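Heads up: the structure comes next, in structure tokens.
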Amino acid sequence: MDLKANLTALSNKAREAIKHAGTLEALEALEVRYLGRKGELTALLKNLADVPAGERPVIGTLANEIKLALERDIIQRRGALRHAVVSSALQNEREDVTEPGIRPPEGRLHLVTQAIRDIEAIFARAGFVRVRYPEVEWDLYAFEHLNMPPDHPARDEWETFFMDAPVHPKKGKMILTPHATSGTARILEEMAPALKKGDAIRAINIAKTYRRQIDVTHVPMFHQFDGVYVDKGVNLTHLLGILDYFVKNFFGADRRVRIRPFHFRFTEPSFEMDVSCGVCGGTGKVNGEKCRPCKNGWVEIGGCGMLHPNVLKAARIDPEIYSGLAFGWGVERNYMMKEGLTLDDIRTLYKNDLRFLEPC
């Protein structure tokens, strides 16, 4: 059989095989078999040297036509097979768009975040604006402007963390703020000009604070909110009204409150406020044992009082014209006492327990 006949036979055989290729993989194998560098068409053309010189152009043209025809057939068959694959997938993997989907898991806010939002909302309804100040603070605002001069023994109770940083010539040492009341010193300083225009200062600072303490009611990092109200004629009845308003809205009407005289350097007179324990119901006992958080049925949640004249003077506010009140409590400890919540160890809030984030 001559080369021309062999090429024609190869063409017929290859085109028939391509026509019946059932998969893309099988089609690819046929392409390699007939048109590859070591394929059957290449092997036949190696015999072109044995063909008389006058017939070589005819044989070369025929071989090129066969190659182009096979390539067209492969392209057409590949398109048909791909269409079949897609059609099969659409048929077999059809989705019912009316079927309810799988609802993604939902969480909820952490208790501390929820407490901060609740507190902010309660005081916003009373006209208090939330402000924010640095966690890394200066001694000037954390102590000196709060009527605690250098080396005063009242500073010891805060168990402050000091930063390894240069001492500021006017503001003193850099610290991690031990109480949100440092924000009150800043509020008074920044908003003092508004008083002269007839505006009152009514603000609340909610911030992280730091002390070297840890037990069932203390953690080294915790949140505090500190509120301040300054205007002409502010007195003790305003303070009692604000405390009563907060307790009724935050803890619930069934909880009992008591106020005890106390001493703070930045208020005079000063008080501590206690709320009946939510774990033991104010009895001081749980299953016959002494209640861990309160010991006696009451939990101290914070301090309050009328702003000391020296604090107002530090902000260049005349205490003969203006008076003010201040209050500040720990967010976590407040939330532990909330109605229906029975946490007996504040450290539990920061133990990465995912149950705090799971939906109810």
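In the structure tokens, the first chain shown is A, the next is B, and so on; residue numbers restart at 1 for each chain, and ligands run from 1 in the order shown.
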
Review point. Neighbours of segment 21-27 of chain A within 8 Å (only C-alpha atoms; same-chain residues fewer than 5 positions away dropped), as a ChimeraX atom specification?
Key: /A:74,77-78,81-82

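Rounded to one decimal, atom CA of Leu140 of chain A and atom CA of Lys171 of chain A lie 4.8 Å from each other.
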
Which segment 196-289 of chain A residues have any atom within 7 Å of an atom of segment 317-326 of chain A, and for each, what is the nearest pair of atoms with distance in Å to one decimal, counting only C-alpha atoms, rows sorted by chain and number, as a Markdown table?
| residue | atom | partner | partner_atom | distance |
| --- | --- | --- | --- | --- |
| A:Gly227 | CA | A:Ala326 | CA | 5.5 |
| A:Val228 | CA | A:Ala326 | CA | 4.4 |
| A:Tyr229 | CA | A:Gly324 | CA | 5.3 |
| A:Val230 | CA | A:Gly324 | CA | 4.0 |
| A:Asp231 | CA | A:Tyr322 | CA | 5.4 |
| A:Lys232 | CA | A:Tyr322 | CA | 4.6 |
| A:Gly233 | CA | A:Ser323 | CA | 6.3 |
| A:Val234 | CA | A:Ser323 | CA | 5.4 |
| A:Leu239 | CA | A:Leu325 | CA | 6.4 |

Output for the residues just chosen: N, CA, C and O atoms as a compact mmCIF listing (two decimals), in the first residue's frame:
# COMPACT_ATOMS: atom_id res chain seq x y z
N GLY A 227 -19.39 58.69 85.78
CA GLY A 227 -20.24 59.78 85.32
C GLY A 227 -20.00 61.05 86.11
O GLY A 227 -19.59 61.03 87.27
N VAL A 228 -20.29 62.18 85.46
CA VAL A 228 -20.11 63.48 86.11
C VAL A 228 -21.21 64.42 85.64
O VAL A 228 -21.61 64.40 84.47
N TYR A 229 -21.71 65.23 86.58
CA TYR A 229 -22.74 66.22 86.27
C TYR A 229 -22.37 67.51 87.00
O TYR A 229 -22.26 67.52 88.24
N VAL A 230 -22.13 68.58 86.26
CA VAL A 230 -21.72 69.86 86.84
C VAL A 230 -22.61 70.97 86.28
O VAL A 230 -22.83 71.05 85.07
N ASP A 231 -23.12 71.78 87.19
CA ASP A 231 -23.94 72.93 86.79
C ASP A 231 -24.13 73.80 88.03
O ASP A 231 -23.68 73.45 89.14
N LYS A 232 -24.81 74.87 87.89
CA LYS A 232 -25.15 75.68 89.05
C LYS A 232 -26.25 74.98 89.84
O LYS A 232 -27.24 74.52 89.28
N GLY A 233 -26.06 74.89 91.17
CA GLY A 233 -27.09 74.35 92.03
C GLY A 233 -27.20 72.85 92.10
O GLY A 233 -28.17 72.31 92.65
N VAL A 234 -26.23 72.11 91.57
CA VAL A 234 -26.26 70.65 91.68
C VAL A 234 -26.02 70.26 93.13
O VAL A 234 -25.09 70.76 93.78
N LEU A 239 -27.84 63.64 93.03
CA LEU A 239 -27.07 62.39 93.08
C LEU A 239 -27.97 61.22 93.44
O LEU A 239 -27.93 60.17 92.79

Check your understanding: Suppose you want the space between atom CA of Ile75 of chain A and atom CA of Glu31 of chain A; what is it in Å?
Key ->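 One can read the atom CA of Ile75 of chain A to atom CA of Glu31 of chain A distance as 10.2 Å.
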
Check your understanding: Between atom CA of Val275 of chain A and atom CA of Val299 of chain A, what is the distance, to one decimal in Å?
Key ->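 Spanning atom CA of Val275 of chain A to atom CA of Val299 of chain A is a straight-line distance of 5.6 Å.
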
Review point. How would you write, as a list in words, the set of residues in segment 118-175 of chain A that DSSP gives as alpha helix (DSSP H)?
Key: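 For segment 118-175 of chain A, the alpha helix (DSSP H) set is Asp118, Ile119, Glu120, Ala121, Ile122, Phe123, Ala124, Arg125, Asp139, Leu140, Tyr141 and Ala142 of chain A.
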
Check your understanding: Pick from A:Gly328, A:Gly36, A:Pro57, A:Gly79: nearest to Leu243 of chain A, with only C-alpha atoms counted?
Key ->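 Selected residue with least distance to Leu243 of chain A: A:Gly328.
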
Check your understanding: Which polymer residues have any atom within 10 Å of an atom of segment 123-126 of chain A, counting only C-alpha atoms, with same-chain residues fewer than 6 positions away left out, as a VMD selection string?
Key -> chain A and resid 202 to 204 227 242 245 to 246 249

Practice item. Choose the residue, out of A:Tyr210, A:Phe264, A:Tyr133, A:Phe251, that has the smallest atom-to-atom separation from Arg155 of chain A; count only C-alpha atoms. Key: A:Phe264

Check your understanding: Within 12 Å of Pro169 of chain A, counting only C-alpha atoms, which residues qualify if same-chain residues fewer than 5 places away don't, as number ranges by chain?
Key -> A: 138-140, 174

**Study point:** Secondary structure check, strand (DSSP E or B) residues of segment 85-327 of chain A, as a VMD selection string
**Key:** chain A and resid 129 to 131 136 to 138 161 to 162 168 172 174 to 176 201 to 210 215 218 221 to 231 257 to 264 267 to 276 285 to 286 289 to 290 298 to 307 323 to 327

**Study point:** Polymer residues at most 8 Å from Lys4 of chain A, only C-alpha atoms, same-chain spacing of 4 or more positions, as JSON, numbers by chain
**Key:** {"A": [8, 59, 62]}

Could you write out the selected residues, including all heavy atoms, as a tab-separated table (two decimals), in the first residue's frame?
chain	number	residue	atom	x	y	z
A	8	THR	N	-4.87	8.15	3.76
A	8	THR	CA	-6.34	8.18	3.67
A	8	THR	C	-6.95	7.21	4.67
A	8	THR	O	-7.94	7.52	5.35
A	8	THR	CB	-6.79	7.81	2.24
A	8	THR	OG1	-6.21	8.75	1.30
A	8	THR	CG2	-8.29	7.84	2.11
A	59	ILE	N	1.51	14.61	-1.79
A	59	ILE	CA	1.41	13.87	-0.53
A	59	ILE	C	1.46	14.85	0.66
A	59	ILE	O	0.72	14.73	1.63
A	59	ILE	CB	2.55	12.84	-0.40
A	59	ILE	CG1	2.43	11.78	-1.51
A	59	ILE	CG2	2.52	12.17	0.98
A	59	ILE	CD1	1.15	10.97	-1.45
A	62	LEU	N	-1.83	16.60	1.01
A	62	LEU	CA	-2.83	15.67	1.55
A	62	LEU	C	-2.65	15.50	3.06
A	62	LEU	O	-3.61	15.52	3.84
A	62	LEU	CB	-2.73	14.32	0.84
A	62	LEU	CG	-3.66	13.22	1.37
A	62	LEU	CD1	-5.12	13.61	1.18
A	62	LEU	CD2	-3.36	11.87	0.67

Exercise for review: Show which residues sit within 10 Å of Arg292 of chain A, as JSON, numbers by chain. Count only C-alpha atoms, and ignore same-chain residues fewer than 5 positions away.
Suggested key: {"A": [216, 217, 279, 280, 284, 285, 286, 297, 343, 344, 345]}

Practice item. Do a neighbour search on Leu70 of chain A at 12 Å with only C-alpha atoms, toss out local chain neighbours closer than 3 positions, and write the hits as a ChimeraX atom specification. Key: /A:8,10-19,27,30-36,41,63-67,73-77
